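Asks: Have a look at the structure that comes next, please.
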Amino acid sequence: QPIYLRTTGKSALAFRDKELPGHGIDYHKDGYGSPIGKWKETEIAEGKKTKLEFESGVVVEGKIDKILRHDGKLLLITFSDCTVKHGDRVLFDPAWGTFDMAVGEKISSVFNGAADKDAYNQVALVPKERTIKVPSDAKRKRLENLYAQVRKIRMSKTGCDRLGEIWETQQAEHPDDWLLSMEIFELLDTTGQQPELKARIERFLNERKAKTKDLSTLINWGFRLVEYHKKPEYQAALHASPK
């Protein structure tokens, strides 16, 4: 199951097909991100500094400024001075501003178009298949296992020699997946190992990028994140953030 959702470009948050006040495309103009899943039981209250530890390993730590509920359901928690990490990987840095965390245990389906199309100022595009269920078959589980192997290598800082084998498996069994390639590319870029493999993966990503506009945006964003992670301010935040 996915553990973190990130969008790029103008994004809006909605509940029951109605945009949440203050969470339209003007506010989330550069994209949106939030962890997915359950966290360990923790008291949450406005004005309190809180640490949420998700079962997935994602950790959210910051001061709760606002809690949004609707019909008794917890929808959104707004943090200030917030750090979000998965292992050593920073998913959100306090310097990026306010962190609005959506509350949800899982992604049950994906639908094309905006939930509140009037607020989003667009005509909803209805695909032939109206709802796309998240797959959970054996093939998907094998792909998730590859992601887990890469995550283990990244966190343990050992086993980089296996990245070539993992990438070849992904290419053979999951040729449409590009995100794992980006993760492996970043690991190789960070460690400086296997430059030939890194170059092959970069060529693959650039070829995928050239095929569709949507992929071009996402892959370009991935390359930008790789470069951002090298910056001194990111490294300083990484080492200053609590483990």
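Following the order of the structure tokens, first chain is A, next is B, and so on, with residues numbered from 1 inside each chain and ligands from 1 in the order they appear.
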Dump as a tab-separated table the rows for residues of region 55-102 of chain A within 12 Å of region 215-230 of chain A: closest atom pair and distance in Å with one decimal, only C-alpha atoms counted, ordered by chain and rising residue number.
Replies:
```
residue	atom	partner	partner_atom	distance
A:Asp88	CA	A:His229	CA	11.5
A:Arg89	CA	A:His229	CA	9.3
A:Val90	CA	A:His229	CA	8.9
A:Leu91	CA	A:Leu225	CA	10.4
A:Phe92	CA	A:His229	CA	11.8
A:Asp93	CA	A:His229	CA	11.4
```
Asks: Which residue gives the smallest distance to Lys85 (chain A) among A:Gly104, A:Gly22, A:Pro35, A:Gly97, with only C-alpha atoms counted?
Replies: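 Using only C-alpha atoms, the shortest distance to Lys85 (chain A) belongs to A:Pro35.
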Asks: I'd like to know which of A:Ala102, A:Thr78, A:Glu41, A:Asp26 is closest to Leu5 (chain A), using only C-alpha atoms.
Replies: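 Checking each candidate against Leu5 (chain A), we get A:Ala102 as the closest.
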Asks: Could you check the closest approach to Gly192 (chain A) for each of A:Ser11, A:Asp161, A:Pro175, A:Met155 and tell me which residue wins, using only C-alpha atoms?
Replies: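 Using only C-alpha atoms, Gly192 (chain A) sits closest to A:Asp161.
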Asks: Please determine, counting only C-alpha atoms, which residue among A:Thr158, A:Ser56, A:Asn145, A:Thr190 has the shortest atom-to-atom distance to Lys106 (chain A).
Replies: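 Looking at the shortest contact to Lys106 (chain A), the residue is A:Ser56.
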Asks: Could you give me the residues within region 83-227 of chain A that DSSP places in alpha helix (DSSP H), as a VMD selection string?
Replies: chain A and resid 117 to 120 138 to 156 163 to 173 179 to 191 195 to 211 213 to 227
Asks: Mind giving me the straight-line distance from CA of Val84 (chain A) to CA of Arg208 (chain A) in Å, one decimal?
Replies: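 Interatomic distance, CA of Val84 (chain A) to CA of Arg208 (chain A): 29.4 Å.
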